[in-house]
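Data block below; observations after.
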Amino acid sequence: MRSKNLLRIGSALGIALIGAGALAACSSSDPLDNPDTTDNSNGGGALVVGSQDYYSNEIIAEIYAQALEAGGYEVDRQMRIGQREVYMPEIEGGKIDVFPEYTGNLLQYLDADATATESQDVYDALADAMPDGVRVLEQSDASDQDSYVVTKEFADENNLSSIGDLAGIEGLTLGGNSELEVRPYGPEGLKSVYGVDVAFTPIEDSGGPLTVKALMDDQVQLVDLYSADPALASGDLVMLEDPEGLFLASHVVPVVSDAVDDDAAAIIDEVSAALTAEDLVALNAQSVDEESPAATIAGDWLADNDLV
Amino acid sequence: MNLFADAIAWLADPAHWQGAGGVPVRIGQHLLLTALALVVAAAIALPSGALLGRTRNGGAVIGAVAGSARALSTIGVLTLVGLWLGIGIGPPLVALIVLAVPSLLAGAYSGVQSVPDETTSAARAIGMSGAQVIWRVEVPLALPVIVGGARAAALQVVATATLAAYTANVGLGRYLFTGLKTQDYGQMLAGSILVILLALALELIFATLQRIAARHASPSLPSKRTPS
């Protein structure tokens with residue numbers, strides 16, 4: 001019995017080894033796997049699609065992932081990785097191949113001295129600023145950028161339409177994630193660009209329900225919401241104009257590694273061309289109001305646009 | 001990059017020890033919040049735990065309450081209460097109270113419950129009133145276990161009070177959140193070190209209190225032995 005068991009274990013090991021060898025042979029003969037990417041640190045031939053820890057970003061990443069899968073690519077999903085400071089080193093290190101980004105915010109991250117604010121200027125500057133081995137594909141019409149938002153009531157009371165109209169109002173408190181306090185468009189930028197003085201209160205939910213509630217309750221008077229936030233559709237909130245370009249124009253743009261070949265890039269470009277600003281708000285609303293999972297929302301949108 | 005060197009450098013920078021966002025102010029806020037949460041939690045948990053311990057038939061209730069409250073996600077409670085009360089110090093305070101209650105409740109219950117019936121009967125037999133039985137017999141005997149519960153609660157609360165920074169400009173958690181989101185890991189580690197030091201200090205204080213309570217509860221025993 002003992003020797004039989006040993007034999008069985010031995011043959012199982014043998015089969016496993018042969019299997020591993022066959023897999024290795026498969027991946028090395030993969031026609032999509034060009035020599036440049038064989039020692040790519042993600043291993044294997046799958047394209048790694050990542051997303052920020054932000055539901056809207058995850059939906060876009062899921063759209064890329066499903067479109068790529070429909071185009072015959074193998075996809076490894078690494079969603080909800082975190083903030084830019086965490087995932088950018090991973091992208092630069094070749095561990096992530098496709099990542100939805102936002103032109104303005106990414107440019108400011110890569111080049112704090114960047115001066116471009118117009119959509120196309122930002123895109124061009126961003127393309128130049130991309131690190132080696134990583135590039136941006138075509139930007140989408142959809143934008144999701146930081147914007148300063150007040151309640152409709154507060155805007156009417158103080159006759160506000162632009163951020164600059166806040167200058168001179170006493171006792172303003174800005175609410176947002178703690179990193180907003182040190183961002184160039186945070187309290188410092190408000191002061192230097194618009195002459196607006198604000199105190200700061202951290203609300204660590206990235207413009208989520210706690211942030212909106214704090215604004216509605218007048219615990220803070222000004223918050224940073226994303227321009228595609230479904231909360232803006234309610235009519236109770238007013239997005240302040242930003243004539244001085246405190247915030248950079250920030251359109252949805254895919255950041256890709258060299259592992260993304262021309263065919264894959266064409267698939268993603270088609271998605272970017274089809275994704276409008278209204279679509280993005282609608283996708284976000286589906287996530288927030290109907291609590292649909294990102295994969296369902298992405299699949300429905302792709303089907304509606306005849307992209308799968 | 002040596003994170004510990006960064007953290008030490010951050011702590012050594014006098015600029016970080018001044019003003020409204022300075023270390024002394026943050027530590028003060030952190031301790032105040034911890035103390036407030038513990039006091040409110042104790043006011044809720046100690047009388048009810050002691051009462052149930054006295055009647056000796058609340059074990060299942062205590063187990064259920066303490067167990068389910070421990071399973072609650074603190075950040076979940078914080079967000080829920082935040083949506084109800086709005087941002088500020090209220091939501092983290094409620095979340096910390098919910099965190100502290102189970103340990104305090106369990107301590108008070110098992111402490112009082114462990115006082116033998118013979119002891120309380122004997123106290124009554126020598127003419128003690130109900131209040132005297134509680135304050136001169138049951139409480140001193142139960143105290144080491146009650147303080148043990150408070151010690152566990154204090155440790156949890158002081159470590160979790162970092163979450164106050166989720167909805168308020170308060171406490172050492174501000175260094176953690178800001179450091180994390182801006183890749184300033186030196187600041188983040190410095191904040192963590194400060195929290196650890198506070199936790200150790202509280203642990204020392206409560207361990208000493210527990211030893212004093214134990215000596216008081218059983219004066220005849222060598223001081224090292226704590227009844228459990």
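Residue numbering restarts at 1 for every chain of the structure tokens, chains are lettered A, B, ... in their displayed order, and ligands are numbered from 1 as they appear.
Using only C-alpha atoms, the chain A residues found within 7 Å of chain B amount to Gln83, Glu85, Ser178, Glu179, Thr201, Pro202, Ile203, Glu204, Leu210, Lys213 and Ala214 of chain A.
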Output of the above residues as a PDB file, in the first residue's frame, restricted to N, CA and C atoms:
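The result, stored in again37.pdb:
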ATOM      1  N   GLN A  83      -5.212  55.546  -4.072  1.00  0.00           N
ATOM      2  CA  GLN A  83      -4.997  56.858  -4.668  1.00  0.00           C
ATOM      3  C   GLN A  83      -3.776  56.826  -5.577  1.00  0.00           C
ATOM      4  N   GLU A  85      -0.937  58.195  -5.556  1.00  0.00           N
ATOM      5  CA  GLU A  85       0.390  58.008  -4.952  1.00  0.00           C
ATOM      6  C   GLU A  85       0.721  56.528  -4.790  1.00  0.00           C
ATOM      7  N   SER A 178      -8.417  64.432   3.415  1.00  0.00           N
ATOM      8  CA  SER A 178      -7.325  65.153   4.071  1.00  0.00           C
ATOM      9  C   SER A 178      -6.255  65.615   3.094  1.00  0.00           C
ATOM     10  N   GLU A 179      -6.060  64.867   1.971  1.00  0.00           N
ATOM     11  CA  GLU A 179      -5.004  65.288   1.054  1.00  0.00           C
ATOM     12  C   GLU A 179      -5.342  66.590   0.332  1.00  0.00           C
ATOM     13  N   THR A 201     -11.764  71.220   6.963  1.00  0.00           N
ATOM     14  CA  THR A 201     -12.215  70.090   7.780  1.00  0.00           C
ATOM     15  C   THR A 201     -12.103  68.816   6.963  1.00  0.00           C
ATOM     16  N   PRO A 202     -11.396  67.825   7.503  1.00  0.00           N
ATOM     17  CA  PRO A 202     -11.280  66.580   6.736  1.00  0.00           C
ATOM     18  C   PRO A 202     -12.583  65.782   6.800  1.00  0.00           C
ATOM     19  N   ILE A 203     -13.023  65.325   5.641  1.00  0.00           N
ATOM     20  CA  ILE A 203     -14.134  64.364   5.580  1.00  0.00           C
ATOM     21  C   ILE A 203     -13.636  63.282   4.639  1.00  0.00           C
ATOM     22  N   GLU A 204     -13.340  62.145   5.240  1.00  0.00           N
ATOM     23  CA  GLU A 204     -12.476  61.160   4.575  1.00  0.00           C
ATOM     24  C   GLU A 204     -13.247  60.233   3.632  1.00  0.00           C
ATOM     25  N   LEU A 210     -21.211  61.484   3.295  1.00  0.00           N
ATOM     26  CA  LEU A 210     -20.889  62.297   4.480  1.00  0.00           C
ATOM     27  C   LEU A 210     -20.535  63.719   4.062  1.00  0.00           C
ATOM     28  N   LYS A 213     -23.703  65.519   2.959  1.00  0.00           N
ATOM     29  CA  LYS A 213     -24.531  65.839   4.129  1.00  0.00           C
ATOM     30  C   LYS A 213     -23.949  67.016   4.919  1.00  0.00           C
ATOM     31  N   ALA A 214     -22.621  67.005   5.076  1.00  0.00           N
ATOM     32  CA  ALA A 214     -21.974  68.099   5.804  1.00  0.00           C
ATOM     33  C   ALA A 214     -22.243  69.429   5.111  1.00  0.00           C
TER      34      ALA A 214
END
B:Gln29 surroundings by only C-alpha atoms, 12 Å radius, close-in-sequence under 5 positions cut, as a count of residues only
21
Pick the closest to A:Met79 from A:Glu58, A:Glu153, A:Asp218, A:Asp97: which is it, counting only C-alpha atoms?
A:Glu58
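Distances to B:Thr120 were evaluated for B:Leu141, B:Leu209, B:Ala100, B:Val39 using only C-alpha atoms, and the minimum falls at B:Leu141.
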Counting only C-alpha atoms, what is within 9 Å of B:Ala69, bar same-chain residues fewer than 4 positions away, as number ranges by chain?
B: 64-65, 73, 98-99, 101-102
When you look at B:Pro47 with a cut-off of 12 Å (counting only C-alpha atoms), what residues show up, excluding the ones that are within fewer than 5 positions of it in the same chain? I need them as a ChimeraX atom specification.
/B:40-42,52-54,101,104-109,111-112,134,139,146
Interatomic distance (Å, one decimal) between atom CA of A:Asp258 and atom CA of A:Pro89:
15.4 Å
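Among the candidates A:Ala167, A:Val49, A:Leu110, A:Val308, the residue lying nearest to A:Ser192 is A:Ala167 (atoms considered: only C-alpha atoms).
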Mind the document's chain letters and residue numbers, and return as number ranges by chain the residues of stretch 52-142 of chain A that DSSP labels alpha helix (DSSP H).
A: 55-70, 84-92, 103-110, 119-129
Residue subset to file, keeping N, CA and C atoms, as a compact mmCIF listing (two decimals), in the first residue's frame:
# COMPACT_ATOMS: atom_id res chain seq x y z
N TYR A 55 -15.57 54.44 -7.27
CA TYR A 55 -16.49 53.58 -8.00
C TYR A 55 -16.59 53.93 -9.48
N SER A 56 -16.57 55.23 -9.79
CA SER A 56 -16.72 55.64 -11.18
C SER A 56 -15.52 55.17 -12.00
N ASN A 57 -14.35 55.28 -11.41
CA ASN A 57 -13.13 54.83 -12.06
C ASN A 57 -13.16 53.33 -12.29
N GLU A 58 -13.74 52.62 -11.33
CA GLU A 58 -13.83 51.17 -11.46
C GLU A 58 -14.76 50.80 -12.61
N ILE A 59 -15.85 51.56 -12.78
CA ILE A 59 -16.78 51.28 -13.89
C ILE A 59 -16.05 51.44 -15.23
N ILE A 60 -15.28 52.53 -15.35
CA ILE A 60 -14.56 52.76 -16.60
C ILE A 60 -13.53 51.64 -16.82
N ALA A 61 -12.82 51.27 -15.76
CA ALA A 61 -11.84 50.18 -15.88
C ALA A 61 -12.53 48.89 -16.31
N GLU A 62 -13.71 48.67 -15.76
CA GLU A 62 -14.47 47.46 -16.09
C GLU A 62 -14.90 47.50 -17.57
N ILE A 63 -15.24 48.70 -18.06
CA ILE A 63 -15.59 48.83 -19.49
C ILE A 63 -14.37 48.46 -20.35
N TYR A 64 -13.20 49.01 -19.99
CA TYR A 64 -11.98 48.64 -20.74
C TYR A 64 -11.78 47.12 -20.70
N ALA A 65 -11.93 46.56 -19.49
CA ALA A 65 -11.65 45.13 -19.31
C ALA A 65 -12.58 44.29 -20.17
N GLN A 66 -13.89 44.61 -20.13
CA GLN A 66 -14.84 43.79 -20.90
C GLN A 66 -14.67 43.99 -22.40
N ALA A 67 -14.33 45.23 -22.82
CA ALA A 67 -14.10 45.47 -24.24
C ALA A 67 -12.89 44.67 -24.72
N LEU A 68 -11.84 44.65 -23.89
CA LEU A 68 -10.64 43.89 -24.25
C LEU A 68 -10.93 42.39 -24.31
N GLU A 69 -11.72 41.93 -23.35
CA GLU A 69 -12.08 40.51 -23.34
C GLU A 69 -12.88 40.16 -24.59
N ALA A 70 -13.81 41.08 -24.98
CA ALA A 70 -14.61 40.84 -26.19
C ALA A 70 -13.71 40.80 -27.42
N ARG A 84 -3.62 57.92 -6.33
CA ARG A 84 -2.57 58.01 -7.34
C ARG A 84 -1.17 57.71 -6.76
N GLU A 85 -0.94 58.20 -5.56
CA GLU A 85 0.39 58.01 -4.95
C GLU A 85 0.72 56.53 -4.79
N VAL A 86 -0.30 55.72 -4.68
CA VAL A 86 -0.08 54.29 -4.46
C VAL A 86 0.07 53.54 -5.79
N TYR A 87 -0.82 53.85 -6.75
CA TYR A 87 -0.81 53.01 -7.95
C TYR A 87 0.13 53.49 -9.04
N MET A 88 0.48 54.78 -9.08
CA MET A 88 1.37 55.23 -10.16
C MET A 88 2.71 54.50 -10.17
N PRO A 89 3.34 54.30 -9.00
CA PRO A 89 4.59 53.52 -9.02
C PRO A 89 4.38 52.11 -9.58
N GLU A 90 3.21 51.53 -9.33
CA GLU A 90 2.92 50.19 -9.85
C GLU A 90 2.82 50.22 -11.37
N ILE A 91 2.15 51.26 -11.90
CA ILE A 91 2.02 51.38 -13.36
C ILE A 91 3.40 51.59 -13.97
N GLU A 92 4.18 52.51 -13.37
CA GLU A 92 5.52 52.78 -13.90
C GLU A 92 6.40 51.54 -13.81
N THR A 103 -6.94 63.46 -17.14
CA THR A 103 -5.79 64.18 -17.71
C THR A 103 -5.20 65.21 -16.75
N GLY A 104 -6.05 66.11 -16.25
CA GLY A 104 -5.54 67.21 -15.44
C GLY A 104 -4.88 66.75 -14.15
N ASN A 105 -5.58 65.92 -13.41
CA ASN A 105 -5.04 65.48 -12.13
C ASN A 105 -3.75 64.69 -12.30
N LEU A 106 -3.70 63.89 -13.36
CA LEU A 106 -2.49 63.10 -13.58
C LEU A 106 -1.33 64.00 -13.99
N LEU A 107 -1.63 65.01 -14.83
CA LEU A 107 -0.57 65.94 -15.25
C LEU A 107 -0.01 66.66 -14.03
N GLN A 108 -0.91 67.11 -13.15
CA GLN A 108 -0.43 67.84 -11.97
C GLN A 108 0.41 66.94 -11.06
N TYR A 109 0.06 65.67 -11.05
CA TYR A 109 0.85 64.71 -10.26
C TYR A 109 2.23 64.53 -10.86
N LEU A 110 2.27 64.40 -12.21
CA LEU A 110 3.55 64.12 -12.87
C LEU A 110 4.41 65.37 -12.96
N SER A 119 -8.34 71.78 -22.15
CA SER A 119 -8.40 70.34 -22.36
C SER A 119 -7.29 69.80 -23.27
N GLN A 120 -7.14 70.39 -24.47
CA GLN A 120 -6.17 69.85 -25.42
C GLN A 120 -4.74 70.13 -24.95
N ASP A 121 -4.50 71.32 -24.39
CA ASP A 121 -3.16 71.65 -23.87
C ASP A 121 -2.76 70.68 -22.77
N VAL A 122 -3.73 70.38 -21.92
CA VAL A 122 -3.46 69.47 -20.82
C VAL A 122 -3.09 68.11 -21.38
N TYR A 123 -3.87 67.67 -22.38
CA TYR A 123 -3.63 66.36 -22.95
C TYR A 123 -2.23 66.29 -23.58
N ASP A 124 -1.86 67.35 -24.33
CA ASP A 124 -0.54 67.37 -24.98
C ASP A 124 0.58 67.36 -23.94
N ALA A 125 0.41 68.20 -22.92
CA ALA A 125 1.42 68.27 -21.87
C ALA A 125 1.54 66.92 -21.16
N LEU A 126 0.40 66.28 -20.96
CA LEU A 126 0.39 64.99 -20.28
C LEU A 126 1.13 63.94 -21.10
N ALA A 127 0.85 63.93 -22.42
CA ALA A 127 1.51 62.96 -23.30
C ALA A 127 3.03 63.11 -23.20
N ASP A 128 3.50 64.38 -23.10
CA ASP A 128 4.94 64.62 -22.97
C ASP A 128 5.47 64.21 -21.60
N ALA A 129 4.63 64.35 -20.60
CA ALA A 129 5.11 64.13 -19.22
C ALA A 129 5.08 62.67 -18.80
What separates atom CA of A:Leu240 and atom CA of A:Asn159 is a distance of 11.2 Å
Would you pick out the contacts of stretch 6-15 of chain B at 7 Å or less, using only C-alpha atoms, so that residues sharing its chain but fewer than 3 positions from it are not included, and give the list as a list in words?
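Contacts, with the query itself left out: Asn2, Leu3, Gln18, Gly186, Gln187, Leu189 and Ala190 of chain B.
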